[in-house]
$ cat model-v4.pdb   # PDB, C-alpha atoms, pLDDT in the B column
ATOM      1  CA  MET N   1     -25.502 -23.266 -10.560  1.00 32.00           C
ATOM      2  CA  ARG N   2     -27.091 -26.293 -12.267  1.00 30.00           C
ATOM      3  CA  HIS N   3     -27.004 -29.570 -10.343  1.00 35.00           C
ATOM      4  CA  PRO N   4     -26.120 -32.887 -12.030  1.00 35.00           C
ATOM      5  CA  ARG N   5     -29.045 -35.173 -12.597  1.00 35.00           C
ATOM      6  CA  HIS N   6     -27.339 -38.317 -11.290  1.00 37.00           C
ATOM      7  CA  ARG N   7     -27.167 -39.061  -7.574  1.00 36.00           C
ATOM      8  CA  PRO N   8     -23.582 -38.400  -6.395  1.00 38.00           C
ATOM      9  CA  THR N   9     -21.667 -40.798  -4.195  1.00 38.00           C
ATOM     10  CA  PRO N  10     -20.682 -39.514  -0.711  1.00 37.00           C
ATOM     11  CA  ALA N  11     -17.114 -38.903  -1.921  1.00 37.00           C
ATOM     12  CA  ALA N  12     -18.375 -37.031  -4.973  1.00 37.00           C
ATOM     13  CA  ALA N  13     -20.664 -34.975  -2.782  1.00 35.00           C
ATOM     14  CA  VAL N  14     -17.706 -33.876  -0.668  1.00 33.00           C
ATOM     15  CA  LEU N  15     -15.724 -32.922  -3.763  1.00 31.00           C
ATOM     16  CA  THR N  16     -18.725 -31.030  -5.112  1.00 31.00           C
ATOM     17  CA  ALA N  17     -19.069 -29.070  -1.870  1.00 33.00           C
ATOM     18  CA  VAL N  18     -15.372 -28.170  -1.920  1.00 31.00           C
ATOM     19  CA  ALA N  19     -15.615 -27.053  -5.535  1.00 32.00           C
ATOM     20  CA  ALA N  20     -18.650 -24.933  -4.724  1.00 32.00           C
ATOM     21  CA  ALA N  21     -16.797 -23.259  -1.869  1.00 31.00           C
ATOM     22  CA  VAL N  22     -13.860 -22.474  -4.149  1.00 30.00           C
ATOM     23  CA  LEU N  23     -16.210 -21.114  -6.800  1.00 29.00           C
ATOM     24  CA  LEU N  24     -17.969 -18.886  -4.275  1.00 29.00           C
ATOM     25  CA  THR N  25     -14.652 -17.532  -3.036  1.00 31.00           C
ATOM     26  CA  GLY N  26     -13.635 -16.735  -6.570  1.00 32.00           C
ATOM     27  CA  CYS N  27     -16.940 -15.038  -7.288  1.00 34.00           C
ATOM     28  CA  GLN N  28     -16.656 -12.790  -4.260  1.00 34.00           C
ATOM     29  CA  GLY N  29     -13.425 -11.440  -5.674  1.00 36.00           C
ATOM     30  CA  GLY N  30     -15.373 -10.086  -8.666  1.00 39.00           C
ATOM     31  CA  GLY N  31     -17.684 -11.505 -11.317  1.00 43.00           C
ATOM     32  CA  GLY N  32     -20.350 -12.730  -8.912  1.00 51.00           C
ATOM     33  CA  ALA N  33     -21.435 -12.489  -5.307  1.00 66.00           C
ATOM     34  CA  ALA N  34     -23.230 -14.257  -2.517  1.00 82.00           C
ATOM     35  CA  PRO N  35     -26.697 -12.765  -1.890  1.00 92.00           C
ATOM     36  CA  LEU N  36     -26.749  -9.518   0.060  1.00 97.00           C
ATOM     37  CA  THR N  37     -28.072 -10.045   3.584  1.00 98.00           C
ATOM     38  CA  LEU N  38     -28.476  -7.858   6.651  1.00 98.00           C
ATOM     39  CA  LYS N  39     -26.407 -10.300   8.693  1.00 97.00           C
ATOM     40  CA  GLY N  40     -23.720 -10.572   6.043  1.00 98.00           C
ATOM     41  CA  LEU N  41     -23.335  -6.820   5.563  1.00 98.00           C
ATOM     42  CA  THR N  42     -23.217  -6.326   9.339  1.00 98.00           C
ATOM     43  CA  GLU N  43     -20.477  -8.929   9.654  1.00 98.00           C
ATOM     44  CA  THR N  44     -18.571  -7.283   6.810  1.00 98.00           C
ATOM     45  CA  ALA N  45     -18.844  -3.848   8.430  1.00 98.00           C
ATOM     46  CA  ASP N  46     -17.673  -5.241  11.759  1.00 98.00           C
ATOM     47  CA  LYS N  47     -14.557  -6.701  10.113  1.00 98.00           C
ATOM     48  CA  VAL N  48     -13.482  -3.362   8.629  1.00 98.00           C
ATOM     49  CA  PRO N  49     -10.804  -1.862  10.925  1.00 98.00           C
ATOM     50  CA  ASP N  50     -11.486   1.481  12.569  1.00 96.00           C
ATOM     51  CA  GLY N  51      -8.990   3.104  10.231  1.00 97.00           C
ATOM     52  CA  GLY N  52     -10.612   1.600   7.144  1.00 98.00           C
ATOM     53  CA  THR N  53      -9.100  -0.569   4.431  1.00 98.00           C
ATOM     54  CA  ASP N  54      -7.279  -0.070   1.121  1.00 97.00           C
ATOM     55  CA  THR N  55      -9.834  -2.050  -0.878  1.00 97.00           C
ATOM     56  CA  CYS N  56     -13.610  -2.437  -0.848  1.00 98.00           C
ATOM     57  CA  PRO N  57     -14.730  -5.589   1.014  1.00 98.00           C
ATOM     58  CA  LEU N  58     -17.842  -5.846  -1.161  1.00 98.00           C
ATOM     59  CA  PRO N  59     -17.788  -7.439  -4.634  1.00 96.00           C
ATOM     60  CA  TYR N  60     -18.184  -4.256  -6.663  1.00 98.00           C
ATOM     61  CA  ASP N  61     -16.565  -4.137 -10.093  1.00 98.00           C
ATOM     62  CA  LEU N  62     -16.544  -0.453 -10.985  1.00 98.00           C
ATOM     63  CA  ALA N  63     -14.818  -1.058 -14.320  1.00 98.00           C
ATOM     64  CA  ALA N  64     -17.611  -3.376 -15.439  1.00 98.00           C
ATOM     65  CA  ALA N  65     -20.282  -0.987 -14.162  1.00 98.00           C
ATOM     66  CA  ALA N  66     -18.661   1.954 -15.936  1.00 98.00           C
ATOM     67  CA  LYS N  67     -18.565  -0.021 -19.168  1.00 98.00           C
ATOM     68  CA  GLU N  68     -22.279  -0.781 -18.847  1.00 97.00           C
ATOM     69  CA  ALA N  69     -22.934   2.908 -18.206  1.00 97.00           C
ATOM     70  CA  GLY N  70     -20.985   3.877 -21.314  1.00 97.00           C
ATOM     71  CA  VAL N  71     -18.225   5.643 -19.373  1.00 97.00           C
ATOM     72  CA  ASP N  72     -14.730   5.119 -20.756  1.00 97.00           C
ATOM     73  CA  ALA N  73     -12.216   5.929 -18.013  1.00 96.00           C
ATOM     74  CA  THR N  74      -9.647   4.169 -15.870  1.00 97.00           C
ATOM     75  CA  THR N  75     -10.905   2.845 -12.545  1.00 97.00           C
ATOM     76  CA  GLY N  76      -9.389   1.737  -9.267  1.00 97.00           C
ATOM     77  CA  PRO N  77      -9.899   1.617  -5.505  1.00 97.00           C
ATOM     78  CA  GLY N  78      -9.518   4.717  -3.386  1.00 97.00           C
ATOM     79  CA  SER N  79      -9.793   8.438  -3.954  1.00 97.00           C
ATOM     80  CA  VAL N  80      -7.985  10.124  -6.817  1.00 93.00           C
ATOM     81  CA  ARG N  81      -7.943  13.386  -4.838  1.00 88.00           C
ATOM     82  CA  ASP N  82      -7.043  12.262  -1.318  1.00 91.00           C
ATOM     83  CA  THR N  83      -4.654   9.312  -1.316  1.00 87.00           C
ATOM     84  CA  ASP N  84      -4.621   9.225   2.501  1.00 93.00           C
ATOM     85  CA  GLU N  85      -8.348   8.512   2.622  1.00 96.00           C
ATOM     86  CA  PRO N  86      -9.236   4.835   3.205  1.00 98.00           C
ATOM     87  CA  ALA N  87     -10.923   3.046   0.320  1.00 98.00           C
ATOM     88  CA  ALA N  88     -13.562   1.565   2.624  1.00 98.00           C
ATOM     89  CA  THR N  89     -15.068   2.134   6.057  1.00 98.00           C
ATOM     90  CA  GLY N  90     -17.676   0.316   8.123  1.00 98.00           C
ATOM     91  CA  GLU N  91     -20.367   1.681  10.445  1.00 98.00           C
ATOM     92  CA  GLY N  92     -23.149   0.232  12.574  1.00 98.00           C
ATOM     93  CA  GLY N  93     -23.059  -3.319  13.838  1.00 97.00           C
ATOM     94  CA  THR N  94     -20.920  -3.552  16.965  1.00 96.00           C
ATOM     95  CA  ARG N  95     -19.741   0.048  16.415  1.00 96.00           C
ATOM     96  CA  ALA N  96     -23.238   1.492  16.753  1.00 97.00           C
ATOM     97  CA  LYS N  97     -23.643   3.657  19.839  1.00 96.00           C
ATOM     98  CA  PRO N  98     -26.948   4.254  21.651  1.00 96.00           C
ATOM     99  CA  GLY N  99     -28.956   6.948  19.911  1.00 95.00           C
ATOM    100  CA  GLU N 100     -27.277   6.535  16.526  1.00 96.00           C
ATOM    101  CA  PRO N 101     -29.517   5.628  13.565  1.00 96.00           C
ATOM    102  CA  LEU N 102     -27.879   2.228  13.103  1.00 98.00           C
ATOM    103  CA  ALA N 103     -28.364   1.460  16.793  1.00 97.00           C
ATOM    104  CA  GLU N 104     -32.008   2.538  16.929  1.00 97.00           C
ATOM    105  CA  ASN N 105     -32.689   0.612  13.717  1.00 98.00           C
ATOM    106  CA  PRO N 106     -30.007  -2.082  13.862  1.00 98.00           C
ATOM    107  CA  GLY N 107     -28.014  -2.430  10.699  1.00 98.00           C
ATOM    108  CA  ALA N 108     -24.760  -1.632   8.978  1.00 98.00           C
ATOM    109  CA  LEU N 109     -23.204   0.647   6.393  1.00 98.00           C
ATOM    110  CA  VAL N 110     -20.191  -0.155   4.254  1.00 98.00           C
ATOM    111  CA  SER N 111     -18.845   2.831   2.322  1.00 98.00           C
ATOM    112  CA  CYS N 112     -16.377   2.327  -0.527  1.00 98.00           C
ATOM    113  CA  THR N 113     -14.477   4.934  -2.511  1.00 98.00           C
ATOM    114  CA  PHE N 114     -13.295   4.350  -6.062  1.00 98.00           C
ATOM    115  CA  HIS N 115     -11.920   6.594  -8.742  1.00 97.00           C
ATOM    116  CA  LEU N 116     -13.261   6.790 -12.263  1.00 97.00           C
ATOM    117  CA  GLY N 117     -10.906   8.870 -14.353  1.00 96.00           C
ATOM    118  CA  ASP N 118     -10.547  12.139 -12.419  1.00 94.00           C
ATOM    119  CA  GLU N 119     -13.763  11.585 -10.449  1.00 95.00           C
ATOM    120  CA  ASP N 120     -14.162  10.089  -6.988  1.00 97.00           C
ATOM    121  CA  ILE N 121     -17.072   7.651  -6.811  1.00 98.00           C
ATOM    122  CA  ARG N 122     -18.612   6.991  -3.393  1.00 98.00           C
ATOM    123  CA  VAL N 123     -20.549   3.757  -3.057  1.00 98.00           C
ATOM    124  CA  HIS N 124     -22.566   3.384   0.147  1.00 98.00           C
ATOM    125  CA  THR N 125     -24.294   0.069   0.880  1.00 98.00           C
ATOM    126  CA  LEU N 126     -26.813   0.153   3.720  1.00 98.00           C
ATOM    127  CA  ALA N 127     -28.903  -2.573   5.364  1.00 98.00           C
ATOM    128  CA  THR N 128     -31.253  -2.193   8.340  1.00 98.00           C
ATOM    129  CA  ARG N 129     -33.711  -4.362  10.229  1.00 98.00           C
ATOM    130  CA  ASP N 130     -36.657  -2.016   9.632  1.00 98.00           C
ATOM    131  CA  PRO N 131     -37.404   0.127   6.548  1.00 97.00           C
ATOM    132  CA  SER N 132     -35.220   3.229   6.371  1.00 96.00           C
ATOM    133  CA  GLY N 133     -34.673   3.971   2.684  1.00 96.00           C
ATOM    134  CA  VAL N 134     -31.546   6.130   2.681  1.00 97.00           C
ATOM    135  CA  ALA N 135     -32.498   8.277   5.691  1.00 97.00           C
ATOM    136  CA  PRO N 136     -29.349   7.304   7.658  1.00 96.00           C
ATOM    137  CA  LEU N 137     -27.344   8.642   4.703  1.00 97.00           C
ATOM    138  CA  ALA N 138     -28.944  12.107   4.791  1.00 97.00           C
ATOM    139  CA  PRO N 139     -25.675  13.796   5.931  1.00 96.00           C
ATOM    140  CA  VAL N 140     -23.822  12.084   3.087  1.00 97.00           C
ATOM    141  CA  ILE N 141     -26.394  13.239   0.539  1.00 98.00           C
ATOM    142  CA  VAL N 142     -26.272  16.792   1.867  1.00 97.00           C
ATOM    143  CA  SER N 143     -22.476  16.827   1.624  1.00 96.00           C
ATOM    144  CA  LEU N 144     -22.329  15.352  -1.872  1.00 97.00           C
ATOM    145  CA  THR N 145     -25.024  17.635  -3.254  1.00 97.00           C
ATOM    146  CA  ALA N 146     -24.012  20.790  -1.329  1.00 96.00           C
ATOM    147  CA  SER N 147     -27.621  21.294  -0.268  1.00 95.00           C
ATOM    148  CA  SER N 148     -29.612  21.421   2.954  1.00 94.00           C
ATOM    149  CA  VAL N 149     -31.445  18.621   4.715  1.00 92.00           C
ATOM    150  CA  ASP N 150     -34.714  20.384   3.905  1.00 93.00           C
ATOM    151  CA  ASP N 151     -33.795  20.406   0.225  1.00 92.00           C
ATOM    152  CA  GLN N 152     -33.199  16.665   0.283  1.00 95.00           C
ATOM    153  CA  THR N 153     -36.182  15.600   2.410  1.00 96.00           C
ATOM    154  CA  GLY N 154     -38.375  15.043  -0.617  1.00 96.00           C
ATOM    155  CA  TYR N 155     -35.705  12.997  -2.364  1.00 97.00           C
ATOM    156  CA  ILE N 156     -35.133  10.807   0.695  1.00 97.00           C
ATOM    157  CA  GLU N 157     -38.872  10.187   0.975  1.00 97.00           C
ATOM    158  CA  LYS N 158     -39.094   9.256  -2.716  1.00 97.00           C
ATOM    159  CA  VAL N 159     -36.316   6.706  -2.341  1.00 97.00           C
ATOM    160  CA  ALA N 160     -38.065   5.161   0.675  1.00 97.00           C
ATOM    161  CA  ALA N 161     -41.301   4.852  -1.298  1.00 97.00           C
ATOM    162  CA  ALA N 162     -39.721   3.612  -4.524  1.00 97.00           C
ATOM    163  CA  ASP N 163     -39.912   0.029  -5.719  1.00 97.00           C
ATOM    164  CA  PRO N 164     -36.751  -2.061  -5.322  1.00 97.00           C
ATOM    165  CA  GLY N 165     -34.580  -1.599  -8.385  1.00 97.00           C
ATOM    166  CA  GLU N 166     -35.929   1.869  -9.222  1.00 98.00           C
ATOM    167  CA  VAL N 167     -32.991   4.276  -9.504  1.00 98.00           C
ATOM    168  CA  LEU N 168     -33.596   7.879  -8.429  1.00 98.00           C
ATOM    169  CA  VAL N 169     -31.137  10.699  -9.172  1.00 98.00           C
ATOM    170  CA  THR N 170     -30.954  13.905  -7.128  1.00 97.00           C
ATOM    171  CA  ASP N 171     -31.672  17.297  -8.687  1.00 96.00           C
ATOM    172  CA  SER N 172     -27.941  18.013  -8.527  1.00 96.00           C
ATOM    173  CA  GLY N 173     -27.396  15.082 -10.882  1.00 97.00           C
ATOM    174  CA  ASN N 174     -24.368  13.672  -9.074  1.00 98.00           C
ATOM    175  CA  VAL N 175     -26.052  11.322  -6.583  1.00 98.00           C
ATOM    176  CA  ALA N 176     -28.324   8.344  -7.206  1.00 98.00           C
ATOM    177  CA  ALA N 177     -29.948   5.794  -4.927  1.00 98.00           C
ATOM    178  CA  VAL N 178     -31.797   2.527  -5.342  1.00 98.00           C
ATOM    179  CA  ARG N 179     -33.544   0.227  -2.912  1.00 98.00           C
ATOM    180  CA  LEU N 180     -32.208  -3.312  -2.860  1.00 97.00           C
ATOM    181  CA  GLU N 181     -33.866  -6.567  -1.850  1.00 96.00           C
ATOM    182  CA  PRO N 182     -31.657  -8.399   0.642  1.00 97.00           C
ATOM    183  CA  ASP N 183     -31.961 -12.138   1.036  1.00 97.00           C
ATOM    184  CA  GLY N 184     -33.996 -12.893   4.157  1.00 96.00           C
ATOM    185  CA  GLU N 185     -34.934 -10.276   6.727  1.00 96.00           C
ATOM    186  CA  GLY N 186     -34.230  -6.571   6.589  1.00 97.00           C
ATOM    187  CA  TYR N 187     -34.112  -3.772   4.050  1.00 98.00           C
ATOM    188  CA  ALA N 188     -31.245  -2.401   1.994  1.00 98.00           C
ATOM    189  CA  ALA N 189     -30.273   0.460  -0.262  1.00 98.00           C
ATOM    190  CA  LEU N 190     -27.379   1.610  -2.402  1.00 98.00           C
ATOM    191  CA  LEU N 191     -26.305   5.244  -2.705  1.00 98.00           C
ATOM    192  CA  VAL N 192     -23.744   6.340  -5.292  1.00 98.00           C
ATOM    193  CA  GLY N 193     -22.185   9.790  -5.435  1.00 98.00           C
ATOM    194  CA  ALA N 194     -19.817  11.210  -8.042  1.00 98.00           C
ATOM    195  CA  GLY N 195     -17.587  14.257  -7.651  1.00 96.00           C
ATOM    196  CA  GLU N 196     -18.355  16.645  -4.810  1.00 93.00           C
ATOM    197  CA  ALA N 197     -20.527  19.608  -3.828  1.00 95.00           C
ATOM    198  CA  GLY N 198     -23.083  18.863  -6.536  1.00 95.00           C
ATOM    199  CA  ARG N 199     -20.539  18.877  -9.347  1.00 95.00           C
ATOM    200  CA  THR N 200     -19.358  16.045 -11.547  1.00 96.00           C
ATOM    201  CA  SER N 201     -18.196  15.527 -15.110  1.00 95.00           C
ATOM    202  CA  LEU N 202     -20.669  12.648 -15.459  1.00 96.00           C
ATOM    203  CA  ASP N 203     -24.186  13.412 -16.650  1.00 96.00           C
ATOM    204  CA  ARG N 204     -27.236  12.292 -14.685  1.00 96.00           C
ATOM    205  CA  ASP N 205     -27.957   9.424 -17.095  1.00 98.00           C
ATOM    206  CA  ALA N 206     -24.457   8.048 -16.552  1.00 98.00           C
ATOM    207  CA  ILE N 207     -24.877   8.320 -12.763  1.00 98.00           C
ATOM    208  CA  GLY N 208     -28.187   6.478 -12.958  1.00 98.00           C
ATOM    209  CA  ASP N 209     -26.817   3.764 -15.234  1.00 98.00           C
ATOM    210  CA  LEU N 210     -23.707   3.355 -13.081  1.00 98.00           C
ATOM    211  CA  THR N 211     -25.855   2.948  -9.956  1.00 98.00           C
ATOM    212  CA  GLU N 212     -28.123   0.439 -11.676  1.00 98.00           C
ATOM    213  CA  ALA N 213     -25.118  -1.613 -12.813  1.00 98.00           C
ATOM    214  CA  LEU N 214     -23.568  -1.608  -9.327  1.00 98.00           C
ATOM    215  CA  ALA N 215     -26.894  -2.619  -7.786  1.00 98.00           C
ATOM    216  CA  ARG N 216     -27.043  -5.690 -10.012  1.00 97.00           C
ATOM    217  CA  GLN N 217     -23.625  -6.745  -8.723  1.00 97.00           C
ATOM    218  CA  VAL N 218     -24.913  -7.124  -5.164  1.00 93.00           C
ATOM    219  CA  GLY N 219     -28.629  -7.636  -5.784  1.00 74.00           C
TER     220      GLY N 219
END
$ encode --input "model-v4.pdb" --output "structure tokens"
Amino acid sequence: MRHPRHRPTPAAAVLTAVAAAVLLTGCQGGGGAAPLTLKGLTETADKVPDGGTDTCPLPYDLAAAAKEAGVDATTGPGSVRDTDEPAATGEGGTRAKPGEPLAENPGALVSCTFHLGDEDIRVHTLATRDPSGVAPLAPVIVSLTASSVDDQTGYIEKVAAADPGEVLVTDSGNVAAVRLEPDGEGYAALLVGAGEAGRTSLDRDAIGDLTEALARQVG
């Protein structure tokens, strides 16, 4: 946001602050976002009820991301296959139990489900105090790719070593991850999965482009 060059009066300053707050609220509903932070994601995860929510609490616009990726299909929150499944869940933060990855390396995970045509799209946003890449999401990767932990070890290590913004797609072609740069302390990553058990109608380029577009929405 560009600031006016003249010095505002106290009353104008108040009005400007109110306008900025309204603008930020509007942006968080789609079309823009406050910077991703470890604290902010943790607070968001803590606010998600145990049973999940019907919409994603993060400012992802899947329709816009799909358009950037060249995918022409209807989009919306929630699973197209399991309508009883919540559209978003939160982990870590105050929910973290001793011994769990997000307790040992304090952080949070917000997982959102969308549908893109006949495909379910899983969007996992992770932030931790210390570097972790996508290691806490290993079970998710294994499930989405229908592979073993051993098969995915190399991929997880590559994501951890990658530069922020570098999108890496699994051999199965239906999962992609990218490291993010949160504002302030901590480390973050985004993992996107399409379809299930290593199968999706989207090609690996579309998965990569979709992940890159979503990353820009929170990066």
$ residues_around --input "model-v4.pdb" --residues "Ile156 (chain N)" --least-positions-apart "5" --cutoff "12 Å" --atoms "all atoms listed in the file" --output "VMD selection string"
chain N and resid 132 to 142 149 to 151 161 to 162 168 to 171 175 to 179 189 191
$ resolve_selection --input "model-v4.pdb" --expression "the PyMOL selection byres ((chain N and resi 194-196) around 8)" --output "PyMOL selection string"
chain N and resi 119-122+143-146+174-175+192-193+197-202+207
$ axis_aligned_box --input "model-v4.pdb" --around "region 49-59 of chain N" --padding-each-side "6 Å" --output "lines of an AutoDock Vina configuration file"
center_x = -12.6
center_y = -2.2
center_z = 4.0
size_x = 22.6
size_y = 22.5
size_z = 29.2
$ resolve_selection --input "model-v4.pdb" --expression "the PyMOL selection byres ((chain N and resi 62-73) around 7)" --output "list of chain:residue names"
N:Tyr60, N:Asp61, N:Thr74, N:Thr75, N:Leu116, N:Gly117, N:Ala206, N:Asp209, N:Leu210, N:Ala213, N:Leu214
$ resolve_selection --input "model-v4.pdb" --expression "the PyMOL selection byres ((chain N and resi 101) around 10)" --output "list in words"
Gly92, Ala96, Lys97, Pro98, Gly99, Glu100, Leu102, Ala103, Glu104, Asn105, Pro106, Gly107, Ala108, Thr128, Ser132, Ala135, Pro136 and Leu137 of chain N
$ closest_residue --input "model-v4.pdb" --among "N:Ala88, N:Leu190, N:Val167, N:Ala45" --to "His124 (chain N)" --atoms "all atoms listed in the file"
N:Leu190
$ atom_distance --input "model-v4.pdb" --atom1 "CA of Asp50 (chain N)" --atom2 "CA of Thr94 (chain N)"
11.6 Å
$ closest_residue --input "model-v4.pdb" --among "N:His115, N:Lys47, N:Arg95, N:Arg129" --to "Thr83 (chain N)" --atoms "all atoms listed in the file"
N:His115
$ closest_residue --input "model-v4.pdb" --among "N:Gly52, N:Pro77, N:Gly154, N:Gly40" --to "Glu91 (chain N)" --atoms "only C-alpha atoms"
N:Gly52
$ atom_distance --input "model-v4.pdb" --atom1 "CA of Glu185 (chain N)" --atom2 "CA of Leu58 (chain N)"
19.3 Å
$ atom_distance --input "model-v4.pdb" --atom1 "CA of Pro49 (chain N)" --atom2 "CA of Gly76 (chain N)"
20.6 Å
